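Novice: Below is one structure. I have some questions about it.
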Amino acid sequence: MMKGRTARRPQKKQSSNERDPVGVYCRVRPLGADDKECCVEVISSSTVQLHTPDGLKVNRNGEFKETQYSFKKVYGIQTSQMELFEDVAKPLVDDLVRGKNGLLFTYGVTGSGKTFTMTGSPGQGGLLPRSLDMIFNSIGPYQAKRFVFKTDDKNGLDVQSQIDALLERQRQDNIPSAPKTPSSRQKLDPEFRDMMNPEEACRSEGVDEDSSYGVFVSYIEIYNNYIFDLLEETPYDPIRPKWNGGTPNTDFIPPQSKILREDQNHNMYVAGCTEVEVKTTEEAFEVFWRGQKKRRIANTQLNKESSRSHSVFIIKLAQAPLDADGDNILQDKSQVAVSQLCLVDLAGSERTSRTRADGNRLREAGNINQSLMTLRTCIEVLRENQMCGTNKMVPYRDSKVTHLFKNYFDGEGKVRMIVCINPKAEDFEETMLVMRFAEMTQEVEVARPADRPVCGFAAGRRQRNQASKDDPARRVDERGPADRDFTTTLGQLLHSMPPLPCCELTDPHDDTTLPRVIEALEKRQRIRQMIIDQYKQAANVMRSSLKELDGSLFNKEDFINKQNGKLAEKDRQIQSQRADMERLEKKTKMQEYKIEVLQKTTNIYEVDKRSLQQELETRESRLKREHVDKKRMEQRMQGMVSDTQHKWEKECERRVNAKQLEMQNKLWVKNEKLKQLKAIVTETKGPAAPPTDTPQRQARPQRPHREERLPAKRSASPSPMPTTTPVRALHRRSRSAGGEKWVDHKPASSVDLGTMLQPSIPNSIKVSAASEKVLSKCDRYVLTHQEVASDGEIQTKLIKGEVIKTRGGGQSVQFTDIETLRQQLTTAPSRKRRSSEGSPQSSDQGGQWTDVETRCAVGVEMRAGSNMGPGYEHRGFVKRRKP
């Protein structure tokens with residue numbers, strides 16, 4: 001058993017210089033009966049123009065305009081399936097026969113005619129049945145017998161001898177449970193019986209008559225990014241049944257998904273996929289139809305039979321040259337080539353807003369759109385690498401579709417795409433996206449594969465072998481050299497015998513003729529007897545030689561039996577090694593499955609990691625911004641603290657100065673009282689002094705001048721002024737008369753005191769309640785506040801401030817000054833000091849004032865901050881009450 005190889009990998013070195021663009025074709029399906037508006041127009045054989053529907057123009061304000069797209073060739077609604085096959089698929093079949101690979105897939109919106117283009121209908125066969133028919137019409141007379149080529153489950157083929165193939169066929173025929181291979185003489189399925197028209201049969205001209213061919217087909221689907229084998233048979237296992245948690249032996253698990261592997265030539269293939277060897281077009285199409293019935297389809301609002309998965313039909317062609325005699329297949333694995341043609345029917349892209357899908361349909365649509373988006377991304381990266389000279393990694397592994405066909409885009413064969421479009425207005429936006437992708441795909445170039453190496457034997461070996469079998473003259477050569485020597489010896493003996501004399505009798509009394517004839521016959525009899533003796537002698541010699549040969553054959557049979565025993569022992573070893581290999585393969589499959597699970601888990605973790613990294617970066621940037629804002633706030637607060645500290649320092653200094661002045665005034669008052677008391681005491685003991693020009697009055701200490709006192713400093717901060725302190729703060733003149741605009745906030749409950757000094761602020765807005773709108777128009781702010789003073793009178797305070805704009809766009813008021821307006825009424829008469837000298841009427845009254853007890857009951861008080869001298873006020877004055 002010789003293992004075949006795939007002759008595709010070495011082509012990469014030769015195909016690096018020559019590249020061909022991806023062939024993109026466009027097919028327009030007819031407009032439906034219910035569709036009224038058409039948005040696609042075929043301009044020429046290579047140009048399509050898209051018209052914006054009227055409804056979309058109204059909705060989008062005429063943003064979309066008429067757009068033209070160019071393709072390799074455009075097929076209108078009158079194009080037949082045969083014409084499309086001649087231009088698109090037939091060159092790929094010719095390359096398949098010549099040992100080259102090919103990839104053909106249909107792409108478009110759901111309901112655009114992709115499945116019809118690939119499969120067709122009765123009487124209008126699609127690209128797939130026509131490709132199969134062309135293959136078998138070309139290699140039909142040159143096909144090898146069944147099981148001469150055998151798959152090895154590693155994307156390769158093994159070449160078996162005629163005897164091994166015969167044993168395999170007998171073993172397959174003896175299996176009762178094996179499905180019988182259909183033949184062309186059986187009754188065909190009516191669904192594909194009339195697919196092909198015999199008049200439209202095609203044949204490839206590149207068939208090598210000195211080679212034998214074998215065809216294998218497989219059919220898979222990619223559903224929700226999982227690969228399923230549509231030709232896989234799941235037999236019932238009564239010992240170990242499988243179910244989904246329901247009733248045993250009833251609800252069985254569906255077929256398990258397959259995994260992708262890479263063979264020794266770095267080509268991707270589906271591991272464990274069923275490959276069926278077929279010999280006729282009908283047999284191959286029946287295998288396809290058997291898998292087509294298992295394909296997942298569903299009824300949606302856009303398509304009654306919408307494909308929910310991507311289907312891939314793989315045709316694998318094995319080609320091996322004949323030996324020098326042209327009779328058997330050459331048992332040389334380096335001369336066996338395998339080529340394949342992949343026909344892909346991609347599921348249509350759809351918008352859930354139009355299909356209104358939910359549940360499984362929504363999940364299927366999401367996976368379909370994701371895989372198509374991955375295909376677009378791969379095409380974009382390939383185009384960018386080729387046009388810009390970059391070396392970006394193409395994300396083939398993001399989807400099973402792109403991962404399976406990555407070798408074709410890397411230069412393992414031709415790639416062609418048929419873009420199917422529906423001209424109805426509802427599909428305009430999706431059709432425009434498909435057109436952009438198709439136009440971009442044409443700019444991608446794929447390396448051209450090299451030709452298959454030619455066998456070194458002379459051509460025409462099969463014809464010479466067939467002619468030699470049909471030639472009658474070959475029968476002489478079949479008799480062997482011994483028969484040829486015996487015939488030659490017998491002819492020589494017959495010629496060496498004496499000739500017979502003349503036997504004509506003219507006279508009945510002739511005595512000479514008969515004796516001569518008798519003598520000649522006797523001579524011949526003696527020669528014949530001599531020949532018989534020689535023959536017997538030769539027969540005895542032959543018999544003895546045959547006996548010797550029998551003995552040697554017996555010995556050889558013993559030797560052969562011994563060798564057969566050794567061969568059986570080797571077979572047992574091979575069987576045990578095969579069992580170990582199967583066990584290791586199962587273990588490998590399990591490990592690969594675990595690796596796939598780990599890869600999926602890793603992808604999930606990577607997605608989570610990326611999201612967490614993005615969140616971390618966002619938070620770090622937010623922290624940085626907050627840190628910067630914090631620094632700015634700290635600087636601002638430090639400035640505000642320094643300003644406030646400076647203001648409070650000034651305020652404290654002002655208050656200290658005022659307190660010092662107050663204490664000086666109090667000290668001066670005390671000294672004055674002591675002097676007066678001293679004077680009174682001296683007057684009572686000595687003679688009465690005249691009321692005027694007394695030395696006490698002349699020696700009275702003068703109150704310090706206003707300029708000698710420390711000026712009271714004021715703060716701009718809105719610090720509340722104590723109402724019970726006897727010190728009155730110095731107020732500066734209002735700046736409202738300037739060019740600034742004021743907000744005059746005067747509550748409605750304020751009382752008019754009727755005094756001479758009334759606050760009048762020009763260029764102001766008078767309000768009873770301040771608002772943000774009013775504050776935004778002004779620069780200064782004043783609040784009129786009234787309260788009851790300690791003496792029971794009403795006093796008015798004008799609280800001033802500045803309007804400051806905040807960072808958030810608002811306004812705030814910072815109070816800077818307070819002005820106090822106060823009214824005082826003096827109802828009691830002023831009392832003057834009376835002298836002890838004078839009229840007698842006043843002597844009685846003066847005695848009361850000169851009394852020490854009466855004088856001590858009088859308090860002298862000076863108002864701090866007043867420009868006048870010390871004033872005297874009697875404690876017994878009646879205070880004016882609030883009316």
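Identifiers for the structure tokens are assigned positionally: chains receive A, B, ... in sequence, residues are indexed from 1 per chain, and ligands are indexed from 1 in the order shown.
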Apply DSSP to the structure's backbone, then extract all residues of region 277-338 of chain A labelled alpha helix (DSSP H) and return them as a VMD selection string.
Specialist: chain A and resid 281 to 292
Novice: Include C-alpha atoms and write out the residues we just selected as a compact mmCIF listing (two decimals), in the first residue's frame.
Specialist:
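Writing the result to part.txt gives the following:
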```txt
# COMPACT_ATOMS: atom_id res chain seq x y z
CA THR A 281 -22.43 11.86 -12.04
CA GLU A 282 -25.68 10.41 -10.73
CA GLU A 283 -23.92 8.72 -7.83
CA ALA A 284 -22.08 11.92 -6.88
CA PHE A 285 -25.23 14.04 -7.10
CA GLU A 286 -27.20 11.57 -5.01
CA VAL A 287 -24.54 11.85 -2.30
CA PHE A 288 -24.86 15.63 -2.51
CA TRP A 289 -28.64 15.48 -2.30
CA ARG A 290 -28.47 13.18 0.70
CA GLY A 291 -26.43 15.79 2.54
CA GLN A 292 -28.53 18.67 1.18
```
Novice: CA of Thr110 (chain A) and CA of Ile368 (chain A), how far apart in Å?
Specialist: 10.9 Å
Novice: Identify which of the residues A:Gln534, A:Ser307, A:Ser760, A:Gln635 lies closest to Glu350 (chain A), counting only C-alpha atoms when measuring atom-to-atom distances.
Specialist: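 Selected residue with least distance to Glu350 (chain A): A:Ser307.
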Novice: Between CA of Glu620 (chain A) and CA of Gly808 (chain A), what is the distance, to one decimal in Å?
Specialist: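 Going from CA of Glu620 (chain A) over to CA of Gly808 (chain A), I get 23.9 Å.
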Novice: Between CA of Ile421 (chain A) and CA of His403 (chain A), what distance in Å does the model show, to one decimal?
Specialist: 26.0 Å
Novice: Need the shell around Leu127 (chain A): protein/DNA/RNA residues with any atom at most 7 Å away, counting only C-alpha atoms. Skip same-chain ones fewer than 2 positions apart. Format as a JSON list (two decimals) with N, CA and C atoms, in the first residue's frame?
Specialist:
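Saved the output as part-v5.json:
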```json
[["chain", "number", "residue", "atom", "x", "y", "z"],
["A", 85, "PHE", "N", -21.97, 28.72, -16.43],
["A", 85, "PHE", "CA", -21.01, 27.64, -16.18],
["A", 85, "PHE", "C", -19.82, 27.72, -17.13],
["A", 89, "ALA", "N", -17.24, 28.33, -14.05],
["A", 89, "ALA", "CA", -16.86, 27.05, -13.43],
["A", 89, "ALA", "C", -16.05, 26.15, -14.35],
["A", 117, "THR", "N", -28.13, 29.46, -8.12],
["A", 117, "THR", "CA", -26.95, 29.51, -8.97],
["A", 117, "THR", "C", -26.04, 28.31, -8.74],
["A", 118, "MET", "N", -25.92, 27.87, -7.49],
["A", 118, "MET", "CA", -25.02, 26.76, -7.18],
["A", 118, "MET", "C", -25.65, 25.41, -7.48],
["A", 119, "THR", "N", -26.92, 25.21, -7.10],
["A", 119, "THR", "CA", -27.56, 23.90, -7.24],
["A", 119, "THR", "C", -28.43, 23.83, -8.48],
["A", 125, "GLY", "N", -29.89, 22.87, -14.33],
["A", 125, "GLY", "CA", -28.86, 22.49, -13.38],
["A", 125, "GLY", "C", -27.89, 23.62, -13.11],
["A", 129, "PRO", "N", -23.93, 20.48, -10.27],
["A", 129, "PRO", "CA", -24.14, 19.28, -11.11],
["A", 129, "PRO", "C", -23.43, 19.35, -12.44],
["A", 130, "ARG", "N", -23.29, 20.52, -13.01],
["A", 130, "ARG", "CA", -22.59, 20.62, -14.30],
["A", 130, "ARG", "C", -21.09, 20.35, -14.13],
["A", 131, "SER", "N", -20.52, 20.77, -13.00],
["A", 131, "SER", "CA", -19.11, 20.47, -12.76],
["A", 131, "SER", "C", -18.89, 18.98, -12.59]]
```
Novice: Counting only C-alpha atoms, which residue out of A:Val434, A:Leu31, A:Val344, A:Cys388 sits closest to Met373 (chain A)?
Specialist: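 That would be A:Val434, the residue with the smallest distance to Met373 (chain A).
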Novice: Ranking A:Glu740, A:Glu634, A:Glu793, A:Asp152 by minimum distance to Cys778 (chain A) and counting only C-alpha atoms, which one comes first?
Specialist: A:Glu740
Novice: If you run DSSP on the backbone, which residues of region 731-810 of chain A are strand (DSSP E or B), as a list in words?
Specialist: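 DSSP-assigned strand (DSSP E or B) residues in region 731-810 of chain A: Trp742, Val743, Asp744, His745, Ser764, Ile765, Lys766, Val767, Arg780, Tyr781, Val782, Leu783, Thr784, His785, Gln786, Glu787, Val788, Ile794, Gln795, Thr796, Lys797, Leu798, Ile799, Lys800, Gly801, Glu802, Val803, Ile804 and Lys805 of chain A.
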Novice: Could you write out the selected residues, including N, CA, C and O atoms, as an mmCIF file, in the first residue's frame?
Specialist:
```cif
data_model
loop_
_atom_site.group_PDB
_atom_site.id
_atom_site.type_symbol
_atom_site.label_atom_id
_atom_site.label_comp_id
_atom_site.auth_asym_id
_atom_site.auth_seq_id
_atom_site.Cartn_x
_atom_site.Cartn_y
_atom_site.Cartn_z
ATOM 1 N N TRP A 742 -25.618 97.596 39.740
ATOM 2 C CA TRP A 742 -25.910 97.016 41.050
ATOM 3 C C TRP A 742 -27.215 96.234 40.997
ATOM 4 O O TRP A 742 -28.097 96.517 40.186
ATOM 5 N N VAL A 743 -27.285 95.265 41.897
ATOM 6 C CA VAL A 743 -28.542 94.565 42.191
ATOM 7 C C VAL A 743 -29.005 95.076 43.553
ATOM 8 O O VAL A 743 -28.377 94.803 44.585
ATOM 9 N N ASP A 744 -30.089 95.858 43.572
ATOM 10 C CA ASP A 744 -30.627 96.434 44.815
ATOM 11 C C ASP A 744 -31.677 95.473 45.346
ATOM 12 O O ASP A 744 -32.828 95.456 44.901
ATOM 13 N N HIS A 745 -31.243 94.611 46.276
ATOM 14 C CA HIS A 745 -32.121 93.583 46.853
ATOM 15 C C HIS A 745 -32.755 94.162 48.117
ATOM 16 O O HIS A 745 -32.111 94.267 49.162
ATOM 17 N N SER A 764 -29.100 100.697 38.905
ATOM 18 C CA SER A 764 -29.316 99.454 39.641
ATOM 19 C C SER A 764 -30.627 98.817 39.220
ATOM 20 O O SER A 764 -31.496 99.460 38.627
ATOM 21 N N ILE A 765 -30.711 97.503 39.524
ATOM 22 C CA ILE A 765 -31.942 96.741 39.277
ATOM 23 C C ILE A 765 -32.530 96.405 40.627
ATOM 24 O O ILE A 765 -31.894 95.708 41.430
ATOM 25 N N LYS A 766 -33.719 96.935 40.904
ATOM 26 C CA LYS A 766 -34.352 96.715 42.198
ATOM 27 C C LYS A 766 -35.182 95.439 42.129
ATOM 28 O O LYS A 766 -36.054 95.302 41.266
ATOM 29 N N VAL A 767 -34.906 94.532 43.038
ATOM 30 C CA VAL A 767 -35.628 93.257 43.098
ATOM 31 C C VAL A 767 -35.983 92.992 44.533
ATOM 32 O O VAL A 767 -35.366 93.509 45.473
ATOM 33 N N ARG A 780 -22.221 94.300 40.963
ATOM 34 C CA ARG A 780 -22.229 94.470 42.413
ATOM 35 C C ARG A 780 -23.589 94.120 42.969
ATOM 36 O O ARG A 780 -24.595 94.036 42.227
ATOM 37 N N TYR A 781 -23.607 93.871 44.268
ATOM 38 C CA TYR A 781 -24.831 93.418 44.929
ATOM 39 C C TYR A 781 -24.944 94.130 46.277
ATOM 40 O O TYR A 781 -23.931 94.306 46.995
ATOM 41 N N VAL A 782 -26.171 94.591 46.640
ATOM 42 C CA VAL A 782 -26.423 95.209 47.937
ATOM 43 C C VAL A 782 -27.750 94.684 48.463
ATOM 44 O O VAL A 782 -28.731 94.576 47.729
ATOM 45 N N LEU A 783 -27.742 94.309 49.750
ATOM 46 C CA LEU A 783 -28.921 93.771 50.428
ATOM 47 C C LEU A 783 -29.307 94.723 51.548
ATOM 48 O O LEU A 783 -28.485 95.072 52.421
ATOM 49 N N THR A 784 -30.546 95.157 51.561
ATOM 50 C CA THR A 784 -31.071 96.038 52.620
ATOM 51 C C THR A 784 -31.680 95.163 53.710
ATOM 52 O O THR A 784 -32.637 94.425 53.450
ATOM 53 N N HIS A 785 -31.086 95.247 54.903
ATOM 54 C CA HIS A 785 -31.523 94.411 56.026
ATOM 55 C C HIS A 785 -31.871 95.304 57.216
ATOM 56 O O HIS A 785 -31.122 96.238 57.553
ATOM 57 N N GLN A 786 -33.013 95.061 57.858
ATOM 58 C CA GLN A 786 -33.480 95.834 59.014
ATOM 59 C C GLN A 786 -33.608 94.914 60.206
ATOM 60 O O GLN A 786 -34.079 93.778 60.061
ATOM 61 N N GLU A 787 -33.186 95.435 61.362
ATOM 62 C CA GLU A 787 -33.295 94.678 62.594
ATOM 63 C C GLU A 787 -33.405 95.675 63.764
ATOM 64 O O GLU A 787 -33.169 96.883 63.621
ATOM 65 N N VAL A 788 -33.777 95.169 64.940
ATOM 66 C CA VAL A 788 -33.940 95.995 66.139
ATOM 67 C C VAL A 788 -32.613 96.064 66.856
ATOM 68 O O VAL A 788 -31.997 95.027 67.151
ATOM 69 N N ILE A 794 -34.984 100.735 65.398
ATOM 70 C CA ILE A 794 -34.763 99.972 64.172
ATOM 71 C C ILE A 794 -33.562 100.537 63.460
ATOM 72 O O ILE A 794 -33.467 101.752 63.247
ATOM 73 N N GLN A 795 -32.628 99.658 63.062
ATOM 74 C CA GLN A 795 -31.466 100.081 62.300
ATOM 75 C C GLN A 795 -31.430 99.335 60.961
ATOM 76 O O GLN A 795 -31.871 98.197 60.864
ATOM 77 N N THR A 796 -30.951 100.007 59.950
ATOM 78 C CA THR A 796 -30.878 99.449 58.592
ATOM 79 C C THR A 796 -29.427 99.187 58.234
ATOM 80 O O THR A 796 -28.584 100.077 58.391
ATOM 81 N N LYS A 797 -29.173 97.969 57.718
ATOM 82 C CA LYS A 797 -27.816 97.596 57.286
ATOM 83 C C LYS A 797 -27.815 97.371 55.784
ATOM 84 O O LYS A 797 -28.676 96.667 55.257
ATOM 85 N N LEU A 798 -26.853 97.971 55.123
ATOM 86 C CA LEU A 798 -26.642 97.767 53.687
ATOM 87 C C LEU A 798 -25.439 96.828 53.526
ATOM 88 O O LEU A 798 -24.300 97.236 53.714
ATOM 89 N N ILE A 799 -25.729 95.556 53.191
ATOM 90 C CA ILE A 799 -24.685 94.515 53.043
ATOM 91 C C ILE A 799 -24.293 94.477 51.573
ATOM 92 O O ILE A 799 -25.097 94.124 50.708
ATOM 93 N N LYS A 800 -23.028 94.840 51.293
ATOM 94 C CA LYS A 800 -22.562 94.953 49.914
ATOM 95 C C LYS A 800 -21.714 93.720 49.544
ATOM 96 O O LYS A 800 -21.127 93.082 50.422
ATOM 97 N N GLY A 801 -21.670 93.440 48.270
ATOM 98 C CA GLY A 801 -20.871 92.310 47.774
ATOM 99 C C GLY A 801 -20.584 92.429 46.297
ATOM 100 O O GLY A 801 -21.128 93.296 45.596
ATOM 101 N N GLU A 802 -19.706 91.540 45.808
ATOM 102 C CA GLU A 802 -19.323 91.502 44.393
ATOM 103 C C GLU A 802 -19.841 90.210 43.764
ATOM 104 O O GLU A 802 -19.766 89.135 44.364
ATOM 105 N N VAL A 803 -20.348 90.306 42.547
ATOM 106 C CA VAL A 803 -20.856 89.141 41.799
ATOM 107 C C VAL A 803 -19.689 88.492 41.058
ATOM 108 O O VAL A 803 -19.016 89.159 40.262
ATOM 109 N N ILE A 804 -19.446 87.227 41.350
ATOM 110 C CA ILE A 804 -18.311 86.483 40.761
ATOM 111 C C ILE A 804 -18.869 85.316 39.950
ATOM 112 O O ILE A 804 -19.745 84.581 40.419
ATOM 113 N N LYS A 805 -18.352 85.135 38.753
ATOM 114 C CA LYS A 805 -18.753 84.002 37.914
ATOM 115 C C LYS A 805 -18.018 82.739 38.367
ATOM 116 O O LYS A 805 -16.821 82.767 38.592
#
```
Novice: Identify which of the residues A:Asp229, A:Tyr269, A:Arg27, A:Leu584 lies closest to Thr106 (chain A), counting only C-alpha atoms when measuring atom-to-atom distances.
Specialist: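 Nearest to Thr106 (chain A): A:Arg27.
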Novice: Find the residues near Ser371 (chain A): any atom within 8 Å, counting only C-alpha atoms, skip ones fewer than 3 places away on the same chain, and give them as a list of chain:residue names.
Specialist: A:Asn225, A:Asn367, A:Ile368, A:Thr374, A:Leu375, A:Ser399, A:Lys400, A:Val401
Novice: Would you mind telling me which residue in A:His51, A:Arg296, A:Arg448, A:Lys666 lies nearest to Lys414 (chain A) when using only C-alpha atoms?
Specialist: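 Residue with the minimum atom-to-atom distance to Lys414 (chain A): A:Arg448.
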Novice: So that I can see what lies close to region 167-171 of chain A, please list as a PyMOL selection string the residues with an atom at most 10 Å from it, counting only C-alpha atoms and leaving out residues fewer than 3 positions away in the same chain.
Specialist: chain A and resi 145-148+160+162-164+174-175
Novice: For the residues selected in the previous step, produce a file with N, CA, C and O atoms as a short mmCIF file (atom, residue, chain, number, x, y, z; two decimals), in the first residue's frame.
Specialist:
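Contents of the output file result.cif:
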```cif
data_model
loop_
_atom_site.label_atom_id
_atom_site.label_comp_id
_atom_site.auth_asym_id
_atom_site.auth_seq_id
_atom_site.Cartn_x
_atom_site.Cartn_y
_atom_site.Cartn_z
N LYS A 145 -10.29 1.29 -10.58
CA LYS A 145 -11.34 0.53 -9.92
C LYS A 145 -11.51 1.03 -8.49
O LYS A 145 -10.63 1.65 -7.91
N ARG A 146 -12.68 0.71 -7.95
CA ARG A 146 -13.00 1.17 -6.61
C ARG A 146 -12.01 0.61 -5.59
O ARG A 146 -11.57 -0.53 -5.69
N PHE A 147 -11.65 1.44 -4.61
CA PHE A 147 -10.74 1.12 -3.51
C PHE A 147 -9.28 1.01 -3.93
O PHE A 147 -8.44 0.60 -3.13
N VAL A 148 -8.95 1.33 -5.20
CA VAL A 148 -7.53 1.44 -5.55
C VAL A 148 -6.94 2.66 -4.84
O VAL A 148 -5.82 2.61 -4.31
N GLN A 160 -3.46 1.47 -3.35
CA GLN A 160 -3.44 0.03 -3.08
C GLN A 160 -3.23 -0.74 -4.38
O GLN A 160 -3.53 -0.25 -5.47
N GLN A 162 -3.94 -4.01 -6.97
CA GLN A 162 -5.19 -4.56 -7.49
C GLN A 162 -5.74 -5.65 -6.57
O GLN A 162 -6.96 -5.76 -6.38
N ILE A 163 -4.85 -6.45 -5.99
CA ILE A 163 -5.31 -7.54 -5.11
C ILE A 163 -5.91 -6.97 -3.83
O ILE A 163 -6.98 -7.39 -3.38
N ASP A 164 -5.24 -5.95 -3.23
CA ASP A 164 -5.79 -5.33 -2.02
C ASP A 164 -7.11 -4.63 -2.30
O ASP A 164 -8.04 -4.67 -1.48
N ASN A 174 -19.59 -7.77 1.57
CA ASN A 174 -20.07 -8.73 2.57
C ASN A 174 -20.64 -8.05 3.81
O ASN A 174 -21.22 -8.74 4.66
N ILE A 175 -20.47 -6.74 3.93
CA ILE A 175 -21.02 -6.02 5.08
C ILE A 175 -22.49 -5.74 4.80
O ILE A 175 -22.84 -4.99 3.89
#
```
